file run.cif (mmCIF, C-alpha atoms)
data_protein
loop_
_atom_site.label_atom_id
_atom_site.label_comp_id
_atom_site.auth_asym_id
_atom_site.auth_seq_id
_atom_site.Cartn_x
_atom_site.Cartn_y
_atom_site.Cartn_z
CA PHE N 13 120.47 354.26 108.20
CA PRO N 14 122.42 354.83 111.45
CA MET N 15 120.35 356.29 114.28
CA THR N 16 121.74 359.29 116.15
CA SER N 17 120.64 358.46 119.69
CA SER N 18 123.09 360.77 121.50
CA ARG N 19 121.64 364.04 120.20
CA PRO N 20 119.30 366.01 122.51
CA SER N 21 115.57 365.54 121.97
CA VAL N 22 114.37 367.89 119.26
CA LEU N 23 110.75 366.87 119.87
CA LYS N 24 110.93 367.59 123.59
CA GLU N 25 111.93 371.16 122.83
CA LEU N 26 109.46 371.47 119.97
CA LEU N 27 106.52 370.25 122.07
CA PHE N 28 107.51 371.96 125.33
CA ASP N 29 104.96 374.79 125.11
CA PHE N 30 102.02 372.56 124.16
CA PRO N 31 99.87 371.00 126.91
CA ASN N 32 99.88 367.23 127.34
CA ASP N 33 96.68 365.32 127.97
CA ALA N 34 97.07 361.61 128.77
CA GLY N 35 100.14 361.29 126.57
CA ILE N 36 98.75 363.36 123.69
CA HIS N 37 100.33 366.76 123.01
CA LEU N 38 97.71 369.34 122.10
CA ILE N 39 99.25 371.32 119.26
CA SER N 40 95.60 371.95 118.41
CA ARG N 41 92.68 371.90 120.86
CA SER N 42 90.14 370.85 118.22
CA ASN N 43 89.17 367.19 118.03
CA LYS N 44 87.75 366.08 114.69
CA SER N 45 86.05 362.72 114.93
CA PHE N 46 86.28 360.54 111.84
CA GLY N 47 82.97 360.01 110.03
CA ASP N 48 79.57 360.74 111.51
CA GLY N 49 79.26 358.37 114.48
CA ASP N 50 80.96 357.85 117.84
CA SER N 51 82.50 354.52 116.81
CA ASP N 52 83.42 355.24 113.19
CA GLU N 53 87.15 355.08 113.98
CA GLU N 54 86.75 351.54 115.33
CA ALA N 55 84.68 350.44 112.33
CA TYR N 56 87.27 351.93 109.98
CA SER N 57 90.04 350.13 111.83
CA LYS N 58 88.32 346.75 111.37
CA GLN N 59 87.70 347.47 107.69
CA PHE N 60 91.39 348.08 106.99
CA ASP N 61 93.00 345.69 109.45
CA VAL N 62 96.41 344.33 108.38
CA ASP N 63 98.82 341.71 109.68
CA GLU N 64 102.45 341.88 110.80
CA ASP N 65 103.78 340.88 107.37
CA TYR N 66 102.03 343.88 105.82
CA ILE N 67 103.56 346.28 108.36
CA ASN N 68 107.01 344.78 107.72
CA CYS N 69 106.51 345.33 103.97
CA VAL N 70 105.52 348.96 104.58
CA CYS N 71 108.63 349.38 106.71
CA ALA N 72 110.77 347.92 103.91
CA GLY N 73 109.06 350.17 101.36
CA LEU N 74 109.73 353.34 103.35
CA THR N 75 113.35 352.33 103.88
CA SER N 76 113.78 351.61 100.17
CA ILE N 77 112.38 354.99 99.11
CA LEU N 78 114.59 356.95 101.50
CA LYS N 79 117.70 355.11 100.34
CA ARG N 80 116.88 355.58 96.65
CA VAL N 81 116.60 359.36 96.99
CA GLY N 82 119.46 359.83 99.46
CA ALA N 83 117.27 361.30 102.18
CA GLU N 84 118.57 363.14 105.23
CA THR N 85 117.55 361.14 108.33
CA ALA N 86 119.28 362.82 111.29
CA HIS N 87 116.22 364.76 112.45
CA PRO N 88 112.71 363.71 113.57
CA ALA N 89 110.02 362.22 111.36
CA LEU N 90 106.47 363.61 111.30
CA GLU N 91 103.39 361.66 110.30
CA ILE N 92 100.24 363.60 109.40
CA GLY N 93 96.94 361.74 109.80
CA CYS N 94 98.03 358.50 111.43
CA GLY N 95 94.53 356.99 111.29
CA THR N 96 94.61 353.44 112.62
CA GLY N 97 98.40 353.36 112.80
CA VAL N 98 99.43 351.11 109.91
CA PHE N 99 102.14 353.43 108.62
CA SER N 100 102.91 354.64 112.16
CA SER N 101 103.82 351.12 113.24
CA ALA N 102 106.15 350.72 110.27
CA LEU N 103 107.73 354.13 110.89
CA ALA N 104 108.42 353.39 114.55
CA ARG N 105 109.72 349.92 113.68
CA SER N 106 112.12 351.21 111.02
CA ASN N 107 114.44 352.94 113.52
CA ILE N 108 115.60 355.19 110.70
CA PHE N 109 114.91 358.44 112.55
CA PRO N 110 116.02 359.39 116.07
CA GLU N 111 112.47 360.51 116.96
CA CYS N 112 108.96 360.34 115.49
CA LEU N 113 105.99 362.63 115.96
CA ILE N 114 102.71 360.87 115.15
CA THR N 115 99.73 363.20 114.63
CA ASP N 116 96.06 363.12 113.72
CA ALA N 117 93.03 365.40 113.94
CA SER N 118 91.14 362.65 115.85
CA ARG N 119 92.06 362.03 119.47
CA LYS N 120 90.52 358.54 119.23
CA PHE N 121 92.73 357.60 116.30
CA LEU N 122 95.78 358.78 118.26
CA HIS N 123 94.97 356.56 121.24
CA MET N 124 94.27 353.62 118.93
CA THR N 125 97.58 354.17 117.13
CA ARG N 126 99.54 354.51 120.36
CA ASP N 127 98.06 351.23 121.60
CA ARG N 128 98.90 349.55 118.29
CA ILE N 129 102.50 350.75 118.29
CA THR N 130 103.16 349.75 121.91
CA GLN N 131 101.68 346.30 121.29
CA THR N 132 103.11 345.44 117.87
CA ASN N 133 106.53 347.05 118.42
CA ARG N 134 106.81 346.19 122.12
CA LEU N 135 107.48 349.87 122.72
CA ALA N 136 107.22 351.24 126.24
CA MET N 137 104.30 353.64 126.68
CA ASP N 138 106.70 356.31 128.00
CA ASP N 139 109.34 355.87 125.27
CA GLU N 140 110.13 359.48 124.35
CA ARG N 141 111.41 358.59 120.87
CA VAL N 142 107.79 358.35 119.70
CA GLN N 143 105.47 361.23 120.59
CA PHE N 144 101.79 361.75 119.75
CA ALA N 145 100.01 365.03 119.06
CA LEU N 146 96.56 366.31 118.12
CA LEU N 147 97.04 368.27 114.91
CA PRO N 148 94.69 368.89 111.96
CA ASP N 149 96.24 369.52 108.55
CA GLU N 150 95.41 373.23 108.73
CA GLY N 151 97.55 373.50 111.88
CA LEU N 152 100.76 372.42 110.16
CA HIS N 153 102.04 376.01 110.16
CA LEU N 154 102.24 375.89 113.98
CA LEU N 155 105.36 373.73 113.72
CA PRO N 156 108.79 375.36 113.21
CA ALA N 157 110.44 375.45 109.79
CA GLU N 158 113.19 373.00 108.87
CA SER N 159 112.47 370.68 111.81
CA PHE N 160 111.88 367.32 110.14
CA SER N 161 113.78 364.85 108.00
CA LEU N 162 110.54 363.15 106.95
CA ILE N 163 106.90 364.13 106.61
CA ALA N 164 104.61 361.22 105.76
CA ALA N 165 100.89 361.28 104.94
CA ARG N 166 99.50 357.92 103.83
CA TYR N 167 96.07 358.40 102.19
CA VAL N 168 95.65 361.82 103.81
CA LEU N 169 96.11 364.29 100.95
CA HIS N 170 92.75 363.44 99.33
CA HIS N 171 91.04 364.55 102.57
CA ILE N 172 92.61 368.03 102.40
CA LEU N 173 90.67 370.65 100.48
CA ASP N 174 93.65 372.88 99.63
CA TRP N 175 96.19 370.14 99.07
CA GLN N 176 98.48 372.46 97.08
CA SER N 177 98.97 374.74 100.10
CA PHE N 178 99.52 371.71 102.33
CA ILE N 179 102.45 370.61 100.16
CA GLY N 180 103.85 374.14 100.29
CA VAL N 181 103.71 374.31 104.10
CA ALA N 182 105.11 370.79 104.45
CA ALA N 183 108.06 371.69 102.19
CA LYS N 184 109.02 374.50 104.57
CA LEU N 185 109.05 372.11 107.54
CA LEU N 186 111.58 369.81 105.87
CA ARG N 187 115.30 369.89 106.42
CA PRO N 188 117.43 370.21 103.27
CA ASN N 189 117.34 366.75 101.61
CA GLY N 190 114.38 365.83 103.79
CA VAL N 191 111.46 363.99 102.20
CA LEU N 192 107.69 364.49 102.03
CA THR N 193 106.05 361.22 101.03
CA PHE N 194 102.45 360.14 100.50
CA GLU N 195 100.39 357.41 98.86
CA GLU N 196 97.25 358.52 97.00
CA PRO N 197 94.58 357.48 94.45
CA CYS N 198 94.97 358.63 90.86
CA ARG N 199 92.25 360.14 88.70
CA GLU N 200 92.56 358.33 85.37
CA GLY N 201 92.53 354.80 86.78
CA PHE N 202 89.51 355.44 88.97
CA ILE N 203 87.57 356.98 86.09
CA LEU N 204 88.35 353.89 84.00
CA GLN N 205 87.07 351.70 86.86
CA ALA N 206 83.80 353.66 86.90
CA ILE N 207 83.36 353.39 83.12
CA LEU N 208 83.95 349.62 83.11
CA VAL N 209 81.63 348.93 86.04
CA SER N 210 78.88 351.15 84.62
CA PHE N 211 78.50 348.74 81.68
CA LEU N 212 77.72 345.70 83.86
CA PRO N 213 73.88 345.89 83.63
CA THR N 214 74.07 346.18 79.83
CA LEU N 215 76.46 343.24 79.60
CA MET N 216 74.28 341.13 81.89
CA GLU N 217 71.16 341.83 79.83
CA SER N 218 73.01 341.06 76.60
CA LYS N 219 74.15 337.70 77.97
CA ARG N 220 70.62 336.82 79.08
CA ARG N 221 69.28 337.51 75.63
CA SER N 222 71.94 335.37 74.01
CA ASP N 223 71.48 332.34 76.28
CA GLY N 224 67.75 332.77 77.03
CA SER N 225 68.16 332.93 80.82
CA ALA N 226 65.60 334.64 83.06
CA SER N 227 66.23 337.85 84.94
CA ASN N 228 65.90 338.43 88.69
CA PRO N 229 64.41 341.93 89.14
CA ASP N 230 65.18 342.18 92.87
CA PHE N 231 68.81 341.15 92.41
CA ASP N 232 69.14 343.44 89.39
CA ARG N 233 67.93 346.39 91.47
CA VAL N 234 70.55 345.67 94.16
CA ILE N 235 73.30 345.53 91.56
CA ALA N 236 72.04 348.65 89.79
CA LYS N 237 72.03 350.65 93.03
CA GLN N 238 75.54 349.58 94.05
CA ILE N 239 76.88 350.34 90.60
CA LYS N 240 75.20 353.76 90.53
CA ASP N 241 76.62 354.61 93.97
CA PHE N 242 80.09 353.49 92.88
CA VAL N 243 80.06 355.45 89.62
CA ASP N 244 78.48 358.56 91.15
CA THR N 245 81.03 358.61 93.96
CA ILE N 246 84.03 358.37 91.65
CA VAL N 247 82.60 361.01 89.31
CA TRP N 248 82.10 363.29 92.31
CA TYR N 249 85.69 362.72 93.48
CA ALA N 250 86.97 363.52 89.99
CA ARG N 251 84.94 366.70 89.54
CA ARG N 252 86.47 370.08 90.35
CA ASP N 253 83.43 372.32 90.01
CA VAL N 254 81.61 371.32 93.24
CA ASP N 255 81.99 372.34 96.88
CA LYS N 256 83.80 369.54 98.73
CA SER N 257 84.58 371.38 101.95
CA GLN N 258 82.11 369.40 104.09
CA HIS N 259 82.98 365.95 102.75
CA GLU N 260 85.52 363.49 104.13
CA ASP N 261 87.04 362.33 100.81
CA LYS N 262 87.60 365.08 98.27
CA HIS N 263 90.09 364.37 95.49
CA LEU N 264 91.55 362.05 92.90
CA PHE N 265 94.97 363.17 91.67
CA ARG N 266 96.81 363.65 88.41
CA VAL N 267 100.49 362.77 88.69
CA SER N 268 101.62 365.71 86.56
CA GLU N 269 99.85 368.20 88.84
CA ILE N 270 101.46 366.82 91.99
CA MET N 271 104.85 367.00 90.28
CA ALA N 272 104.23 370.60 89.23
CA VAL N 273 103.18 371.67 92.75
CA GLY N 274 106.19 369.88 94.21
CA HIS N 275 108.64 371.56 91.84
CA LYS N 276 107.06 374.95 92.59
CA ASN N 277 107.87 374.40 96.28
CA GLY N 278 111.46 373.29 95.80
CA LEU N 279 110.80 369.54 95.86
CA GLU N 280 112.27 366.88 93.61
CA VAL N 281 109.35 364.52 92.98
CA GLU N 282 109.57 360.78 92.27
CA TYR N 283 106.45 358.74 91.48
CA TYR N 284 106.13 354.97 91.96
CA PRO N 285 103.13 354.00 89.80
CA ASN N 286 100.45 351.61 91.03
CA ALA N 287 102.59 350.76 94.05
CA GLY N 288 101.88 351.01 97.74
CA TYR N 289 104.36 351.35 100.58
CA ASP N 290 103.83 347.60 101.03
CA THR N 291 105.08 346.77 97.52
CA VAL N 292 107.47 349.53 96.52
CA ALA N 293 110.54 347.72 97.87
CA PHE N 294 109.98 344.77 95.52
CA GLU N 295 111.43 344.49 92.02
CA HIS N 296 107.94 344.22 90.52
CA SER N 297 106.21 346.80 92.67
CA GLU N 298 103.20 347.63 90.48
CA ILE N 299 99.84 346.15 91.52
CA SER N 300 97.60 345.09 88.65
CA PHE N 301 94.61 347.16 87.56
CA GLU N 302 92.32 344.15 88.09
CA HIS N 303 93.50 343.63 91.67
CA GLU N 304 92.99 347.30 92.51
CA LEU N 305 89.51 347.33 90.94
CA PHE N 306 88.21 344.39 92.96
CA HIS N 307 89.93 345.57 96.14
CA ASN N 308 88.26 348.95 95.70
CA LEU N 309 84.85 347.36 95.16
CA ARG N 310 85.11 344.97 98.10
CA VAL N 311 86.91 347.05 100.75
CA ASN N 312 86.07 350.66 99.95
CA PHE N 313 82.57 350.22 98.53
CA GLY N 314 81.32 347.07 100.25
CA PHE N 315 80.47 345.01 97.17
CA GLY N 316 79.68 341.44 98.17
CA ASN N 317 81.52 338.48 96.67
CA GLY N 318 78.49 337.56 94.55
CA ILE N 319 78.48 340.84 92.66
CA VAL N 320 82.26 340.84 92.38
CA GLU N 321 82.19 337.38 90.78
CA ILE N 322 79.56 338.57 88.29
CA LEU N 323 81.77 341.52 87.46
CA LYS N 324 84.76 339.23 86.95
CA GLU N 325 82.74 337.06 84.58
CA HIS N 326 81.48 339.90 82.40
CA MET N 327 84.56 342.15 82.58
CA SER N 328 87.08 339.40 81.92
CA PRO N 329 87.79 340.26 78.23
CA TYR N 330 88.33 343.95 79.01
CA LEU N 331 90.49 343.33 82.07
CA GLN N 332 92.52 340.86 80.03
CA MET N 333 93.05 343.57 77.42
CA ILE N 334 94.53 345.85 80.09
CA GLN N 335 96.68 343.00 81.38
CA ASP N 336 97.93 342.21 77.87
CA ILE N 337 99.20 345.74 77.30
CA SER N 338 100.89 345.97 80.70
CA PRO N 339 102.35 342.55 81.62
CA ASN N 340 105.37 344.09 83.37
CA GLY N 341 103.75 347.30 84.57
CA GLY N 342 102.42 350.32 82.74
CA SER N 343 98.71 349.87 83.42
CA PRO N 344 96.51 352.98 83.96
CA TYR N 345 97.44 354.89 87.09
CA VAL N 346 95.07 353.89 89.90
CA LYS N 347 97.28 354.92 92.79
CA GLY N 348 100.91 355.47 93.62
CA VAL N 349 103.55 356.49 96.12
CA PHE N 350 105.15 359.93 95.86
CA SER N 351 108.54 360.89 97.21
CA CYS N 352 109.21 364.65 97.31
CA LYS N 353 112.75 365.51 98.37
CA ARG N 354 113.57 369.06 99.38
CA ILE N 355 116.36 370.27 97.18
CA ALA N 356 119.21 371.49 99.38
#

call {"tool": "encode", "arguments": {"input": "run.cif", "output": "structure tokens"}}
result
Amino acid sequence: FPMTSSRPSVLKELLFDFPNDAGIHLISRSNKSFGDGDSDEEAYSKQFDVDEDYINCVCAGLTSILKRVGAETAHPALEIGCGTGVFSSALARSNIFPECLITDASRKFLHMTRDRITQTNRLAMDDERVQFALLPDEGLHLLPAESFSLIAARYVLHHILDWQSFIGVAAKLLRPNGVLTFEEPCREGFILQAILVSFLPTLMESKRRSDGSASNPDFDRVIAKQIKDFVDTIVWYARRDVDKSQHEDKHLFRVSEIMAVGHKNGLEVEYYPNAGYDTVAFEHSEISFEHELFHNLRVNFGFGNGIVEILKEHMSPYLQMIQDISPNGGSPYVKGVFSCKRIA
């Protein structure tokens, strides 16, 4: 993708009327901290820390998607919900777009992301090609229509209560042939994870009876509680008859529904199943169901290695069954990358 560096700054004009506080444009004045504590952003950052190779893979994945769909790239890119800056670093490094606007509802996340980009990309702090702004998802309508070639939201959509309206507003901000892209968890795969894990206590007891081994009540209680929390959380994410307005994570998605909402808003939707931005550029982009299950347990739910190894032992036949029916892809949808191109 050739960069158009000679054109006047679209972002400078777009952001002119918004105040600037220590390098952060205040499209919104509200500051939504992540989580419940003062240092939750830092804890989250450590939990999902990645290396340079990962960022380079994300950069390659984004580039691959845009080339596949023939995206327009002459105007700025907008990231919604930058978080700790993983995707932001890849976006800035790609040099596909003449300018990038990186946004989040948390001022702390924005400062963390700006620091990350300037360090990992050796970008000058005053480089005007990359701008940062405080902007919650409900403030998206404050930006002018048809301003962006790209709108990216990596693991953001499941935080948004009215995600259908968000896609509609985002579609209006895109240039013709511009792309809205996001990576999100999928409903069916997560429900299958919950069902499989819920059977662990029964399988453990059955094995003890068959080999005559003794139980450990204290350890069993720890496992039972973690499993209950895991299953209850996924069931809550999947339900649609409860009030989720006050909760951080809200949704698991069905691919067909995202496609329908995209088409309704003039978007041509492509889905890359069980892929992340870090894998989508590769020939075999799908990540296995087993890998996603144990990653989810360890990283997102804090299961220790001991419990994970017990799960591997008892779930092995069932995970092998899934592997056998999907050796070259085609396993249940656990997550995926969506590319939604605005039809010119």

call {"tool": "residues_around", "arguments": {"input": "run.cif", "residues": "Val142 in chain N", "least_positions_apart": "6", "cutoff": "8 Å", "atoms": "all atoms listed in the file", "output": "MDAnalysis selection string"}}
result
chainID N and resid 104 111:114

call {"tool": "closest_residue", "arguments": {"input": "run.cif", "among": "N:Ile179, N:Ile36, N:Val346, N:Ile239", "to": "Thr125 in chain N", "atoms": "all atoms listed in the file"}}
result
N:Ile36

call {"tool": "closest_residue", "arguments": {"input": "run.cif", "among": "N:Asn107, N:Ala272, N:Pro213, N:Gln131", "to": "Gly180 in chain N", "atoms": "all atoms listed in the file"}}
result
N:Ala272

call {"tool": "resolve_selection", "arguments": {"input": "run.cif", "expression": "the PyMOL selection byres ((chain N and resi 172-177) around 9)", "output": "list in words"}}
result
Asp149, Glu150, Val168, Leu169, His170, His171, Phe178, Ile179, Gly180, Val181, Ala182, Lys256, Ser257, Glu260, Asp261, Lys262, His263, Ile270, Val273 and Gly274 of chain N

call {"tool": "atom_distance", "arguments": {"input": "run.cif", "atom1": "CA of Glu217 in chain N", "atom2": "CA of Tyr249 in chain N"}}
result
28.9 Å

call {"tool": "atom_distance", "arguments": {"input": "run.cif", "atom1": "CA of Thr291 in chain N", "atom2": "CA of Tyr66 in chain N"}}
result
9.3 Å

call {"tool": "resolve_selection", "arguments": {"input": "run.cif", "expression": "the PyMOL selection byres ((chain N and resi 90) around 8)", "output": "ChimeraX atom specification"}}
result
/N:88-89,91-92,112-115,160,162-164

call {"tool": "resolve_selection", "arguments": {"input": "run.cif", "expression": "the PyMOL selection byres ((chain N and resi 298) around 8)", "output": "CSV table (one decimal) with C-alpha atoms, in the coordinates of the input"}}
result
chain,number,residue,atom,x,y,z
N,285,PRO,CA,103.1,354.0,89.8
N,286,ASN,CA,100.4,351.6,91.0
N,287,ALA,CA,102.6,350.8,94.0
N,291,THR,CA,105.1,346.8,97.5
N,292,VAL,CA,107.5,349.5,96.5
N,296,HIS,CA,107.9,344.2,90.5
N,297,SER,CA,106.2,346.8,92.7
N,299,ILE,CA,99.8,346.2,91.5
N,300,SER,CA,97.6,345.1,88.6
N,341,GLY,CA,103.8,347.3,84.6

call {"tool": "closest_residue", "arguments": {"input": "run.cif", "among": "N:Val62, N:Ile235, N:Leu331, N:Ala157", "to": "Thr132 in chain N", "atoms": "only C-alpha atoms"}}
result
N:Val62

call {"tool": "closest_residue", "arguments": {"input": "run.cif", "among": "N:Tyr167, N:Val320, N:Gly342, N:Arg119", "to": "Glu53 in chain N", "atoms": "all atoms listed in the file"}}
result
N:Arg119

call {"tool": "atom_distance", "arguments": {"input": "run.cif", "atom1": "CA of Gln332 in chain N", "atom2": "CA of Ser210 in chain N"}}
result
17.7 Å

call {"tool": "axis_aligned_box", "arguments": {"input": "run.cif", "around": "range 303-318 of chain N", "padding_each_side": "6 Å", "output": "AutoDock Vina command-line options"}}
result
--center_x 86.0 --center_y 344.1 --center_z 95.8 --size_x 27.0 --size_y 25.1 --size_z 21.8

call {"tool": "build_atoms", "arguments": {"input": "run.cif", "residues": "range 194-222 of chain N", "atoms": "N, CA and C atoms", "output": "PDB file, in the coordinates of the input"}}
result
ATOM      1  N   PHE N 194     103.860 360.488 100.324  1.00  0.00           N
ATOM      2  CA  PHE N 194     102.450 360.140 100.500  1.00  0.00           C
ATOM      3  C   PHE N 194     102.038 359.130  99.447  1.00  0.00           C
ATOM      4  N   GLU N 195     100.991 358.382  99.782  1.00  0.00           N
ATOM      5  CA  GLU N 195     100.390 357.410  98.860  1.00  0.00           C
ATOM      6  C   GLU N 195      98.951 357.857  98.615  1.00  0.00           C
ATOM      7  N   GLU N 196      98.552 357.946  97.321  1.00  0.00           N
ATOM      8  CA  GLU N 196      97.250 358.520  97.000  1.00  0.00           C
ATOM      9  C   GLU N 196      96.616 357.864  95.774  1.00  0.00           C
ATOM     10  N   PRO N 197      95.274 357.984  95.647  1.00  0.00           N
ATOM     11  CA  PRO N 197      94.580 357.480  94.450  1.00  0.00           C
ATOM     12  C   PRO N 197      94.748 358.416  93.265  1.00  0.00           C
ATOM     13  N   CYS N 198      94.769 357.843  92.076  1.00  0.00           N
ATOM     14  CA  CYS N 198      94.970 358.630  90.860  1.00  0.00           C
ATOM     15  C   CYS N 198      93.693 358.688  90.016  1.00  0.00           C
ATOM     16  N   ARG N 199      93.519 359.803  89.362  1.00  0.00           N
ATOM     17  CA  ARG N 199      92.250 360.140  88.700  1.00  0.00           C
ATOM     18  C   ARG N 199      91.916 359.217  87.528  1.00  0.00           C
ATOM     19  N   GLU N 200      92.859 359.036  86.607  1.00  0.00           N
ATOM     20  CA  GLU N 200      92.560 358.330  85.370  1.00  0.00           C
ATOM     21  C   GLU N 200      92.149 356.879  85.621  1.00  0.00           C
ATOM     22  N   GLY N 201      92.852 356.186  86.504  1.00  0.00           N
ATOM     23  CA  GLY N 201      92.530 354.800  86.780  1.00  0.00           C
ATOM     24  C   GLY N 201      91.181 354.616  87.432  1.00  0.00           C
ATOM     25  N   PHE N 202      90.815 355.530  88.326  1.00  0.00           N
ATOM     26  CA  PHE N 202      89.510 355.440  88.970  1.00  0.00           C
ATOM     27  C   PHE N 202      88.382 355.737  87.990  1.00  0.00           C
ATOM     28  N   ILE N 203      88.593 356.689  87.099  1.00  0.00           N
ATOM     29  CA  ILE N 203      87.570 356.980  86.090  1.00  0.00           C
ATOM     30  C   ILE N 203      87.373 355.763  85.183  1.00  0.00           C
ATOM     31  N   LEU N 204      88.470 355.098  84.818  1.00  0.00           N
ATOM     32  CA  LEU N 204      88.350 353.890  84.000  1.00  0.00           C
ATOM     33  C   LEU N 204      87.595 352.793  84.758  1.00  0.00           C
ATOM     34  N   GLN N 205      87.841 352.661  86.049  1.00  0.00           N
ATOM     35  CA  GLN N 205      87.070 351.700  86.860  1.00  0.00           C
ATOM     36  C   GLN N 205      85.580 352.006  86.777  1.00  0.00           C
ATOM     37  N   ALA N 206      85.218 353.272  86.925  1.00  0.00           N
ATOM     38  CA  ALA N 206      83.800 353.660  86.900  1.00  0.00           C
ATOM     39  C   ALA N 206      83.176 353.359  85.545  1.00  0.00           C
ATOM     40  N   ILE N 207      83.897 353.641  84.469  1.00  0.00           N
ATOM     41  CA  ILE N 207      83.360 353.390  83.120  1.00  0.00           C
ATOM     42  C   ILE N 207      83.120 351.894  82.918  1.00  0.00           C
ATOM     43  N   LEU N 208      84.103 351.067  83.281  1.00  0.00           N
ATOM     44  CA  LEU N 208      83.950 349.620  83.110  1.00  0.00           C
ATOM     45  C   LEU N 208      82.772 349.077  83.910  1.00  0.00           C
ATOM     46  N   VAL N 209      82.692 349.457  85.168  1.00  0.00           N
ATOM     47  CA  VAL N 209      81.630 348.930  86.040  1.00  0.00           C
ATOM     48  C   VAL N 209      80.256 349.407  85.587  1.00  0.00           C
ATOM     49  N   SER N 210      80.179 350.601  85.039  1.00  0.00           N
ATOM     50  CA  SER N 210      78.880 351.150  84.620  1.00  0.00           C
ATOM     51  C   SER N 210      78.229 350.316  83.518  1.00  0.00           C
ATOM     52  N   PHE N 211      79.037 349.547  82.776  1.00  0.00           N
ATOM     53  CA  PHE N 211      78.500 348.740  81.680  1.00  0.00           C
ATOM     54  C   PHE N 211      77.971 347.372  82.137  1.00  0.00           C
ATOM     55  N   LEU N 212      78.127 347.041  83.421  1.00  0.00           N
ATOM     56  CA  LEU N 212      77.720 345.700  83.860  1.00  0.00           C
ATOM     57  C   LEU N 212      76.252 345.381  83.583  1.00  0.00           C
ATOM     58  N   PRO N 213      75.277 346.245  83.922  1.00  0.00           N
ATOM     59  CA  PRO N 213      73.880 345.890  83.630  1.00  0.00           C
ATOM     60  C   PRO N 213      73.625 345.617  82.144  1.00  0.00           C
ATOM     61  N   THR N 214      74.232 346.394  81.271  1.00  0.00           N
ATOM     62  CA  THR N 214      74.070 346.180  79.830  1.00  0.00           C
ATOM     63  C   THR N 214      74.650 344.841  79.406  1.00  0.00           C
ATOM     64  N   LEU N 215      75.825 344.509  79.934  1.00  0.00           N
ATOM     65  CA  LEU N 215      76.460 343.240  79.600  1.00  0.00           C
ATOM     66  C   LEU N 215      75.653 342.054  80.129  1.00  0.00           C
ATOM     67  N   MET N 216      75.098 342.207  81.328  1.00  0.00           N
ATOM     68  CA  MET N 216      74.280 341.130  81.890  1.00  0.00           C
ATOM     69  C   MET N 216      73.034 340.887  81.054  1.00  0.00           C
ATOM     70  N   GLU N 217      72.381 341.963  80.638  1.00  0.00           N
ATOM     71  CA  GLU N 217      71.160 341.830  79.830  1.00  0.00           C
ATOM     72  C   GLU N 217      71.487 341.218  78.472  1.00  0.00           C
ATOM     73  N   SER N 218      72.607 341.615  77.891  1.00  0.00           N
ATOM     74  CA  SER N 218      73.010 341.060  76.600  1.00  0.00           C
ATOM     75  C   SER N 218      73.253 339.553  76.704  1.00  0.00           C
ATOM     76  N   LYS N 219      73.878 339.120  77.793  1.00  0.00           N
ATOM     77  CA  LYS N 219      74.150 337.700  77.970  1.00  0.00           C
ATOM     78  C   LYS N 219      72.842 336.917  78.148  1.00  0.00           C
ATOM     79  N   ARG N 220      71.902 337.496  78.888  1.00  0.00           N
ATOM     80  CA  ARG N 220      70.620 336.820  79.080  1.00  0.00           C
ATOM     81  C   ARG N 220      69.891 336.605  77.754  1.00  0.00           C
ATOM     82  N   ARG N 221      69.942 337.616  76.931  1.00  0.00           N
ATOM     83  CA  ARG N 221      69.280 337.510  75.630  1.00  0.00           C
ATOM     84  C   ARG N 221      69.928 336.441  74.765  1.00  0.00           C
ATOM     85  N   SER N 222      71.236 336.329  74.858  1.00  0.00           N
ATOM     86  CA  SER N 222      71.940 335.370  74.010  1.00  0.00           C
ATOM     87  C   SER N 222      71.748 333.929  74.467  1.00  0.00           C
TER      88      SER N 222
END
